[in-house]
Amino acid sequence: MKAPSFAYAKPRSIEEAFPLLERPGARILAGGQSLIASLNMRLSAPELLVDIGGLSKLRDISQQPGGLRIGALVTHAEIERSLDVKFHVPLLAAAAPHIAHPAIRNRGTLGGSLALADPAAEYPACALALNATLILQSRKAERRVSAATFFKGLFETDIRPGEILVGAEFPKVERSVFLELTRRHGDYAIVGLAGVADASGKRIAFFSVDSRPVLAKTAAAARSLEDGLLGLKKDLSPAADLYNTSATKLHLAGVLLSRAWNTLSKPH
Amino acid sequence: MEHAVETTLTVNGTRVTRRIAPRVHLVDFLRDELGLTGSHIGCEQGVCGACTVRVNGEIVRGCLMLAVQADGCSVETIEGLSDSGEMKRLQEAFHLHNAFQCGFCTPAMLMAAQELVKQKKRFSREEIRVHMSGNYCRCTGYQAIVDAIESVIGK
């Protein structure tokens with residue numbers, strides 16, 4: 001189908017973007033890989049698209065005291081290729097190749113994925129496992145929100161009207177595992193796992209199991225895989241999808257936990 | 001503000017300036033406005049890959065990019081890459097291996113596969129299949145397409 005009519009504006013600076021976002025029916029356009037599909041299907045009908053693609057400051061990857069800061073407009077392909085990401089936040093580097101297909105990864109952005117908060121998306125689960133900090137900017141101030149409170153529900157986040165997600169800071173965690181099960185490479189995951197481990201323990205997030213990514217706290221605290229698998233039943237109550245029952249998804253989450261367990265359990 | 005936006009882009013080496021309605025995606029613009037009908041429209045929701053074109057040297061879904069977003073960009077289509085001869089080996093391989101039947105997906109298959117050829121490396125069948133997973137073909141069952149690509153860059 002064809003998209004409905006809308007107006008289009010491309011601010012040259014973030015200061016120019018804020019007043020545009022205050023107009024009725026305004027919506028941010030970043031990489032557009034989910035938004036333009038939903039426009040074509042007429043699932044959304046914004047009055048004004050504010051294309052932030054020209055805000056070059058949001059394309060940086062930089063070292064910060066709190067970890068690696070990645071700008072909202074950094075694409076999946078750039079994350080896939082970045083040596084900084086591979087070295088400091090290997091979980092993200094491992095996740096990126098699972099996102100759709102090369103042509104989509106060339107345009108889709110980190111910020112777009114985090115801000116949309118699709119329950120089947122890879123980055124929100126990575127952000128949760130890493131306890132990343134999301135950086136929101138408004139006309140007046142910058143606000144920093146932890147991933148644990150940022151994802152509120154199905155396609156629902158803590159972003160307030162007038163705020164732009166400008167980037168995220170990911171703590172440097174060396175040991176990590178990223179796994180997902182799909183029918184074909186690039187499809188949305190049936191179940192996915194993003195896990196990290198450091199001296200303080202394991203943090204394991206599952207995605208495609210609920211309206212938002214879920215931390216499997218009981219499983220992560222377990223001393224053995226057997227206890228972890230039992231714990232998973234407390235942590236997750238997956239919703240069925242068109243092809244998989246809740247019980248299947250829970251079983252598959254256990255399969256992923258088994259595959260990730262040894263890597264995440266090695267002594268530090 | 002819903003009026004057309006003046007947009008200047010380079011298409012297959014030729015500079016083009018047009019006033020474009022924001023709702024028009026890149027492939028509709030290329031097909032309807034410029035007559036470049038080699039880029040096809042299948043699903044129009046980013047799934048099938050038939051609309052694959054190059055923007056600033058990288059392949060993208062032409063249905064998931066607004067034409068106005070291409071302002072200042074260099075766009076290449078199957079027409080341009082056929083004329084330049086860049087894809088000659090790949091095109092001959094598709095012909096030789098009978099890697100298409102109806103041909104609807106073929107221009108985009110070539111655009112996607114050329115991304116691997118450009119890297120000047122060798123790839124396994126599995127790697128080729130993973131790379132090509134975003135391009136659907138409803139005729140061949142993919143075997144012949146992978147055969148053709150493998151004959152050019154296979155391990």
# chains A, B, ... in the order shown; residues from 1 in each chain; ligands from 1
call {"tool": "closest_atom_pairs", "arguments": {"of": "chain B", "to": "chain A", "cutoff": "10 Å", "atoms": "only C-alpha atoms", "output": "tab-separated table"}}
result
residue	atom	partner	partner_atom	distance
B:Met1	CA	A:Ala7	CA	5.0
B:Glu2	CA	A:Ala7	CA	3.9
B:His3	CA	A:Ala7	CA	7.0
B:Ala4	CA	A:Ala7	CA	8.6
B:Val5	CA	A:Tyr8	CA	8.0
B:Ala21	CA	A:Ser5	CA	8.2
B:Pro22	CA	A:Tyr8	CA	6.0
B:Arg23	CA	A:Ser5	CA	5.6
B:Val24	CA	A:Ala3	CA	7.5
B:His25	CA	A:Ala3	CA	8.5
B:Asp28	CA	A:Lys2	CA	9.6
B:Cys43	CA	A:Met1	CA	8.2
B:Glu44	CA	A:Met1	CA	6.5
B:Gln45	CA	A:Ala37	CA	4.5
B:Gly46	CA	A:Ala37	CA	6.4
B:Val47	CA	A:Ala100	CA	9.0
B:Gly49	CA	A:Ala103	CA	8.3
B:Thr52	CA	A:Ala103	CA	7.4
B:Val53	CA	A:Ala103	CA	8.8
B:Arg54	CA	A:Ala103	CA	8.9
B:Val55	CA	A:Asn106	CA	9.6
B:Glu58	CA	A:Asn106	CA	6.9
B:Ile59	CA	A:Ala103	CA	5.0
B:Val60	CA	A:Ala103	CA	4.2
B:Arg61	CA	A:Ala103	CA	5.9
B:Gly62	CA	A:Ala103	CA	9.3
B:Cys63	CA	A:Ala37	CA	7.9
B:Leu64	CA	A:Ile36	CA	5.3
B:Met65	CA	A:Gly32	CA	6.8
B:Leu66	CA	A:Ile36	CA	7.9
B:Val68	CA	A:Tyr8	CA	8.5
B:Gln69	CA	A:Asp51	CA	8.1
B:Ala112	CA	A:Ala103	CA	7.9
B:Glu115	CA	A:Pro102	CA	9.2
B:Arg129	CA	A:His185	CA	8.9
B:Val130	CA	A:His185	CA	6.3
B:His131	CA	A:Pro102	CA	6.9
B:Met132	CA	A:His101	CA	8.0
B:Ser133	CA	A:His185	CA	6.4
B:Gly134	CA	A:His101	CA	5.2
B:Asn135	CA	A:His101	CA	8.7
call {"tool": "residues_around", "arguments": {"residues": "Ser56 of chain A", "least_positions_apart": "5", "cutoff": "9 Å", "atoms": "only C-alpha atoms", "output": "PyMOL selection string"}}
result
chain A and resi 12-13+73
call {"tool": "write_last_selection", "arguments": {"atoms": "N, CA and C atoms", "output": "tab-separated table (two decimals), in the first residue's frame"}}
result
chain	number	residue	atom	x	y	z
A	12	ARG	N	18.27	21.08	10.78
A	12	ARG	CA	19.73	20.99	10.62
A	12	ARG	C	20.45	20.87	11.95
A	13	SER	N	19.73	21.15	13.03
A	13	SER	CA	20.33	21.02	14.36
A	13	SER	C	19.25	20.52	15.32
A	73	LEU	N	21.78	7.71	16.01
A	73	LEU	CA	21.69	7.48	14.56
A	73	LEU	C	22.74	6.50	14.03
call {"tool": "closest_residue", "arguments": {"among": "A:Glu174, A:Asp84, A:Asp241, A:Asp235", "to": "Ala219 of chain A", "atoms": "only C-alpha atoms"}}
result
A:Asp235
call {"tool": "residues_around", "arguments": {"residues": "Ala216 of chain A", "least_positions_apart": "4", "cutoff": "9 Å", "atoms": "only C-alpha atoms", "output": "JSON, numbers by chain"}}
result
{"A": [203, 204, 205, 206, 220, 221, 231, 232, 234, 235, 236]}
call {"tool": "atom_distance", "arguments": {"atom1": "atom CA of Pro119 of chain A", "atom2": "atom CA of Arg160 of chain A"}}
result
19.6 Å
call {"tool": "residues_around", "arguments": {"residues": "Ala253 of chain A", "least_positions_apart": "4", "cutoff": "7 Å", "atoms": "only C-alpha atoms", "output": "PyMOL selection string"}}
result
chain A and resi 191+249+257
call {"tool": "residues_around", "arguments": {"residues": "Ala108 of chain B", "least_positions_apart": "3", "cutoff": "6 Å", "atoms": "only C-alpha atoms", "output": "number ranges by chain"}}
result
B: 50, 52, 105, 111
call {"tool": "write_last_selection", "arguments": {"atoms": "N, CA and C atoms", "output": "short mmCIF file (atom, residue, chain, number, x, y, z; two decimals), in the first residue's frame"}}
result
data_model
loop_
_atom_site.label_atom_id
_atom_site.label_comp_id
_atom_site.auth_asym_id
_atom_site.auth_seq_id
_atom_site.Cartn_x
_atom_site.Cartn_y
_atom_site.Cartn_z
N ALA B 50 12.48 -6.93 -3.15
CA ALA B 50 12.46 -6.71 -4.60
C ALA B 50 12.83 -5.28 -5.00
N THR B 52 15.34 -3.46 -3.82
CA THR B 52 16.71 -3.12 -3.40
C THR B 52 17.40 -2.17 -4.38
N CYS B 105 12.24 -11.04 -9.06
CA CYS B 105 13.16 -10.76 -7.94
C CYS B 105 14.59 -10.50 -8.42
N MET B 111 21.49 -6.96 -7.11
CA MET B 111 21.95 -5.84 -6.27
C MET B 111 22.49 -6.35 -4.94
#
call {"tool": "residues_around", "arguments": {"residues": "segment 138-146 of chain A", "least_positions_apart": "2", "cutoff": "8 Å", "atoms": "only C-alpha atoms", "output": "PyMOL selection string"}}
result
chain A and resi 15+18+131-136+148-150+162-164
call {"tool": "write_last_selection", "arguments": {"atoms": "C-alpha atoms", "output": "CSV table (one decimal), in the first residue's frame"}}
result
chain,number,residue,atom,x,y,z
A,15,GLU,CA,17.7,23.0,18.5
A,18,PHE,CA,12.4,20.7,19.3
A,131,ASN,CA,21.9,-2.1,32.3
A,132,ALA,CA,22.6,0.6,29.8
A,133,THR,CA,21.7,4.2,30.3
A,134,LEU,CA,19.5,5.9,27.8
A,135,ILE,CA,20.1,9.6,27.1
A,136,LEU,CA,17.1,11.8,26.4
A,148,ALA,CA,15.5,-1.2,33.6
A,149,THR,CA,12.9,1.6,33.8
A,150,PHE,CA,13.0,2.8,30.2
A,162,GLY,CA,9.3,16.9,23.4
A,163,GLU,CA,12.2,14.6,24.2
A,164,ILE,CA,14.6,13.0,21.7
call {"tool": "select_by_dssp", "arguments": {"residues": "chain B", "states": "alpha helix (DSSP H)", "output": "PyMOL selection string"}}
result
chain B and resi 26-28+78-84+88-96+106-118+125-131+143-153
call {"tool": "write_last_selection", "arguments": {"atoms": "N, CA and C atoms", "output": "CSV table (one decimal), in the first residue's frame"}}
result
chain,number,residue,atom,x,y,z
B,26,LEU,N,11.1,5.9,-2.3
B,26,LEU,CA,12.2,6.1,-3.3
B,26,LEU,C,11.9,5.3,-4.6
B,27,VAL,N,11.4,4.1,-4.4
B,27,VAL,CA,11.2,3.2,-5.6
B,27,VAL,C,10.1,3.7,-6.5
B,28,ASP,N,9.0,4.2,-5.9
B,28,ASP,CA,7.9,4.8,-6.6
B,28,ASP,C,8.5,6.0,-7.4
B,78,ILE,N,19.6,-1.0,-10.8
B,78,ILE,CA,20.0,-2.1,-11.6
B,78,ILE,C,20.3,-1.5,-13.1
B,79,GLU,N,19.6,-0.5,-13.5
B,79,GLU,CA,19.9,0.0,-14.8
B,79,GLU,C,21.3,0.6,-14.9
B,80,GLY,N,21.7,1.4,-13.9
B,80,GLY,CA,23.0,2.0,-13.8
B,80,GLY,C,24.1,0.9,-13.7
B,81,LEU,N,23.9,-0.1,-12.9
B,81,LEU,CA,24.9,-1.0,-12.6
B,81,LEU,C,25.0,-2.0,-13.8
B,82,SER,N,24.0,-2.2,-14.6
B,82,SER,CA,24.1,-3.0,-15.8
B,82,SER,C,24.9,-2.3,-16.8
B,83,ASP,N,24.5,-1.0,-17.0
B,83,ASP,CA,25.2,-0.2,-18.0
B,83,ASP,C,26.7,0.0,-17.7
B,84,SER,N,27.0,0.1,-16.5
B,84,SER,CA,28.5,0.3,-16.1
B,84,SER,C,29.3,-0.9,-16.3
B,88,LYS,N,28.6,-7.5,-14.6
B,88,LYS,CA,28.6,-8.4,-15.8
B,88,LYS,C,28.8,-9.9,-15.4
B,89,ARG,N,29.8,-10.1,-14.5
B,89,ARG,CA,30.1,-11.5,-14.1
B,89,ARG,C,28.9,-12.2,-13.5
B,90,LEU,N,28.3,-11.4,-12.6
B,90,LEU,CA,27.1,-12.0,-11.8
B,90,LEU,C,26.0,-12.2,-12.8
B,91,GLN,N,25.7,-11.3,-13.7
B,91,GLN,CA,24.6,-11.4,-14.6
B,91,GLN,C,24.8,-12.7,-15.5
B,92,GLU,N,26.1,-12.8,-16.0
B,92,GLU,CA,26.3,-14.0,-16.8
B,92,GLU,C,26.1,-15.3,-16.0
B,93,ALA,N,26.5,-15.3,-14.7
B,93,ALA,CA,26.4,-16.5,-13.9
B,93,ALA,C,24.9,-16.8,-13.7
B,94,PHE,N,24.1,-15.8,-13.5
B,94,PHE,CA,22.6,-16.0,-13.3
B,94,PHE,C,22.1,-16.6,-14.6
B,95,HIS,N,22.5,-16.1,-15.7
B,95,HIS,CA,22.1,-16.7,-17.0
B,95,HIS,C,22.5,-18.1,-17.1
B,96,LEU,N,23.8,-18.4,-16.9
B,96,LEU,CA,24.3,-19.7,-17.1
B,96,LEU,C,23.7,-20.8,-16.1
B,106,THR,N,14.8,-10.8,-9.7
B,106,THR,CA,16.2,-10.9,-10.2
B,106,THR,C,17.0,-9.6,-10.0
B,107,PRO,N,16.5,-8.4,-10.4
B,107,PRO,CA,17.3,-7.2,-10.3
B,107,PRO,C,17.8,-7.0,-8.8
B,108,ALA,N,16.9,-7.2,-7.9
B,108,ALA,CA,17.3,-7.0,-6.5
B,108,ALA,C,18.2,-8.1,-6.0
B,109,MET,N,18.0,-9.4,-6.5
B,109,MET,CA,18.9,-10.4,-6.2
B,109,MET,C,20.4,-10.0,-6.6
B,110,LEU,N,20.5,-9.5,-7.8
B,110,LEU,CA,21.8,-9.1,-8.3
B,110,LEU,C,22.3,-7.9,-7.4
B,111,MET,N,21.5,-7.0,-7.1
B,111,MET,CA,22.0,-5.8,-6.3
B,111,MET,C,22.5,-6.4,-4.9
B,112,ALA,N,21.8,-7.3,-4.3
B,112,ALA,CA,22.2,-7.8,-3.0
B,112,ALA,C,23.4,-8.7,-3.2
B,113,ALA,N,23.5,-9.5,-4.2
B,113,ALA,CA,24.6,-10.4,-4.3
B,113,ALA,C,25.9,-9.6,-4.7
B,114,GLN,N,25.7,-8.5,-5.4
B,114,GLN,CA,26.9,-7.7,-5.8
B,114,GLN,C,27.6,-7.1,-4.5
B,115,GLU,N,26.8,-7.0,-3.4
B,115,GLU,CA,27.5,-6.5,-2.2
B,115,GLU,C,28.5,-7.5,-1.7
B,116,LEU,N,28.3,-8.8,-1.9
B,116,LEU,CA,29.3,-9.8,-1.6
B,116,LEU,C,30.5,-9.8,-2.6
B,117,VAL,N,30.1,-9.6,-3.9
B,117,VAL,CA,31.2,-9.6,-4.9
B,117,VAL,C,32.1,-8.4,-4.7
B,118,LYS,N,31.6,-7.3,-4.3
B,118,LYS,CA,32.4,-6.1,-4.0
B,118,LYS,C,33.4,-6.3,-2.9
B,125,ARG,N,28.5,-21.4,0.9
B,125,ARG,CA,27.1,-21.4,0.5
B,125,ARG,C,26.2,-20.9,1.7
B,126,GLU,N,26.6,-21.3,2.9
B,126,GLU,CA,25.8,-20.9,4.1
B,126,GLU,C,25.9,-19.3,4.2
B,127,GLU,N,27.1,-18.8,4.1
B,127,GLU,CA,27.2,-17.3,4.2
B,127,GLU,C,26.4,-16.6,3.1
B,128,ILE,N,26.5,-17.2,1.9
B,128,ILE,CA,25.7,-16.6,0.8
B,128,ILE,C,24.2,-16.6,1.1
B,129,ARG,N,23.7,-17.8,1.7
B,129,ARG,CA,22.3,-17.9,2.0
B,129,ARG,C,21.9,-16.9,3.1
B,130,VAL,N,22.8,-16.7,4.1
B,130,VAL,CA,22.5,-15.7,5.2
B,130,VAL,C,22.4,-14.3,4.6
B,131,HIS,N,23.4,-14.0,3.7
B,131,HIS,CA,23.4,-12.6,3.2
B,131,HIS,C,22.1,-12.4,2.3
B,143,GLN,N,18.0,-22.6,-4.9
B,143,GLN,CA,19.2,-23.4,-5.2
B,143,GLN,C,20.0,-22.8,-6.4
B,144,ALA,N,19.4,-22.5,-7.5
B,144,ALA,CA,20.1,-22.0,-8.6
B,144,ALA,C,20.7,-20.6,-8.4
B,145,ILE,N,20.0,-19.8,-7.6
B,145,ILE,CA,20.5,-18.5,-7.3
B,145,ILE,C,21.8,-18.6,-6.5
B,146,VAL,N,21.8,-19.5,-5.5
B,146,VAL,CA,23.0,-19.7,-4.7
B,146,VAL,C,24.1,-20.3,-5.6
B,147,ASP,N,23.7,-21.2,-6.4
B,147,ASP,CA,24.7,-21.8,-7.4
B,147,ASP,C,25.4,-20.7,-8.2
B,148,ALA,N,24.6,-19.8,-8.7
B,148,ALA,CA,25.1,-18.7,-9.6
B,148,ALA,C,26.1,-17.8,-8.8
B,149,ILE,N,25.7,-17.4,-7.6
B,149,ILE,CA,26.5,-16.5,-6.8
B,149,ILE,C,27.8,-17.3,-6.4
B,150,GLU,N,27.6,-18.5,-6.0
B,150,GLU,CA,28.8,-19.3,-5.6
B,150,GLU,C,29.8,-19.5,-6.7
B,151,SER,N,29.3,-19.5,-8.0
B,151,SER,CA,30.2,-19.7,-9.1
B,151,SER,C,31.1,-18.5,-9.2
B,152,VAL,N,30.7,-17.3,-8.7
B,152,VAL,CA,31.5,-16.1,-8.8
B,152,VAL,C,32.4,-15.9,-7.6
B,153,ILE,N,31.8,-16.2,-6.4
B,153,ILE,CA,32.6,-15.8,-5.2
B,153,ILE,C,32.7,-17.0,-4.2
call {"tool": "closest_residue", "arguments": {"among": "A:Cys126, A:Leu68, A:Leu116, A:Ala240", "to": "Leu179 of chain A", "atoms": "only C-alpha atoms"}}
result
A:Cys126
call {"tool": "residues_around", "arguments": {"residues": "His251 of chain A", "least_positions_apart": "4", "cutoff": "10 Å", "atoms": "only C-alpha atoms", "output": "JSON, numbers by chain"}}
result
{"A": [191, 229, 232, 233, 245, 246, 247, 255, 256, 257]}
call {"tool": "atom_distance", "arguments": {"atom1": "atom CA of Val196 of chain A", "atom2": "atom CA of Ser176 of chain A"}}
result
4.2 Å
call {"tool": "atom_distance", "arguments": {"atom1": "atom CA of Met87 of chain B", "atom2": "atom CA of Ser82 of chain A"}}
result
28.4 Å
call {"tool": "closest_residue", "arguments": {"among": "B:Thr140, B:Ser39, B:Ser124, B:Gln119", "to": "Gly154 of chain B", "atoms": "only C-alpha atoms"}}
result
B:Ser124
